[in-house]
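Working notes, structure below.
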Amino acid sequence: MAGGVGKGEAVTKGTGRAAPGAIRRRVRRGVYLLPSSLTLGNLFCGFYALIAIYNDEYLAAAIAIMLAEVFDVLDGAVARMTGATSDLGIQLDSLADLVSFGVAPGMLAYVIALKPFGIIGGLAAFGFAACGAFRLARFNVQTHILDKRYFVGLPIPAAAAAVATFVLFMKESAAVVISGRVLVPAEVASAGVLLGVYLLGFLMVSRIRYRSLKGLEVRRRRPFTILTTLLLVLLIVASHPSLFLFLAFVGYALSGPVRILPIWRRRHPAELSEHPAPGK
């Protein structure tokens with residue numbers, strides 16, 4: 001065609017406006033830009049957390065990791081709602097997650113509690129990041145599994161949140177302090193962190209299944225008592241947010257091993273035949 005105007009890019013005669021095909025392509029490019037921008041926000045928070053750790057600002061690093069969790073949830077939700085998912089977006093999201101939820105929490109745990117253990121503590125921090133990398137790689141090759149009700153292994157954002165909320169709860173001290181009283185000395189708490197980091201790494205690469213919130217049916221009617229219970233839980237969490245957030249993520253991490261106990265399997269036989277989702 002004369003003038004080099006391709007299909008879908010011709011202008012409406014006499015108006016100078018782009019054809020609908022060109023407009024749709026521009027909108028589609030903008031839609032893909034939004035989740036990618038949120039993913040970069042996740043990466044920025046992880047990178048800032050590393051800078052904060054270098055500057056001995058451990059609370060700021062923990063907050064940055066939790067903010068990265070928010071960006072991670074938003075970019076996935078926006079991509080699904082707008083239909084802007086792509087293989088490139090999945091790879092970019094995994095690279096950002098490795099920094100924010102693998103390297104940064106591992107380094108934070110090391111400087112807070114693992115440093116006194118020398119090479120054992122360093123290996124624990126590295127093992128956390130390495131298990132997170134393996135977890136994300138496994139997610140990438142299994143991403144097309146349809147059942148989204150369960151994750152295979154502990155999702156890496158949940159493992160990172162357990163480390164970050166523990167630091168928020170400790171408030172830059174290796175000792176566990178509640179209401180001004182030292183409940184757990186620094187040496188004991190550090191040993192607990194060492195074991196906890198190794199456990200989180202193992203749970204990430206394990207085949208243990210975890211319930212996914214994506215599979216919950218939020219549209220179904222629920223008894224009024226459940227709503228009142230949720231309201232009560234929110235009020236309790238608001239009173240001591242760092243403590244209860246830490247307990248919530250630790251409880252989620254332990255929920256996977258609970259599912260493999262014989263008593264749980266007897267009470268929930270239907271779960272044995274369900275195919276799990278890959279998860280992060």
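Here, A, B, ... name the chains of the structure tokens in the order displayed, residue numbers run from 1 inside each chain, and ligands are numbered from 1 in the same displayed order.
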
Write out as a PyMOL selection string each polymer residue whose atoms come within 9 Å of A:Ser206, counting only C-alpha atoms; drop sequence neighbours fewer than 3 positions from it.
-> chain A and resi 152-154+201-203+209

If you run DSSP on this backbone, which residues of stretch 55-270 of chain A come out as alpha helix (DSSP H), and could you give them as JSON, numbers by chain?
{"A": [58, 59, 60, 61, 62, 63, 64, 65, 66, 67, 68, 69, 70, 71, 72, 73, 74, 75, 76, 77, 78, 79, 80, 81, 82, 87, 88, 89, 90, 91, 92, 93, 94, 95, 96, 97, 104, 105, 106, 107, 108, 109, 119, 120, 121, 122, 123, 124, 125, 126, 127, 128, 129, 130, 131, 132, 133, 134, 135, 136, 137, 138, 139, 140, 141, 156, 157, 158, 159, 160, 161, 162, 163, 164, 165, 166, 167, 168, 169, 170, 186, 187, 188, 189, 190, 191, 192, 193, 194, 195, 196, 197, 198, 199, 200, 201, 202, 203, 204, 205, 224, 225, 226, 227, 228, 229, 230, 231, 232, 233, 234, 235, 236, 237, 238, 239, 241, 242, 243, 244, 245, 246, 247, 248, 249, 250, 251, 252, 253, 254, 255, 256, 257, 258, 259, 262, 263, 264, 265, 266, 267]}

Residues near A:Gly196, cut-off 12 Å, only C-alpha atoms, skip fewer than 4 positions along chain, as a count of residues only:
25

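Distances to A:Pro241 were evaluated for A:Val188, A:Ala77, A:Ser36, A:Thr165 using only C-alpha atoms, and the minimum falls at A:Thr165.
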
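If you look at atom CA of A:Pro157 and atom CA of A:Asp97, they are 7.7 Å away from each other.
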
Requested in this report: Excluding A:Asp87 and residues on its chain fewer than 3 positions from it, collect all residues at most 10 Å away from it, counting only C-alpha atoms, and give them as a list in words.
Outcome: Ile90, Gln91, Leu92, Asp93, Asn140 and Thr143 of chain A

Find the distance between atom CA of A:Val111 and atom CA of A:Leu243 and write it in Å to one decimal.
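Spanning atom CA of A:Val111 to atom CA of A:Leu243 is a straight-line distance of 20.4 Å.
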
Exercise. Any idea what's packed within 7 Å of A:Phe71, counting only C-alpha atoms, ignoring anything in its chain fewer than 4 positions away? Could you give it as JSON, numbers by chain?
Worked result: {"A": [38, 39, 41, 42, 67, 75]}

Judged by only C-alpha atoms, the minimum distance to A:Ala186 among A:Ile112, A:Leu40, A:Leu199, A:Val103 is found for A:Ile112
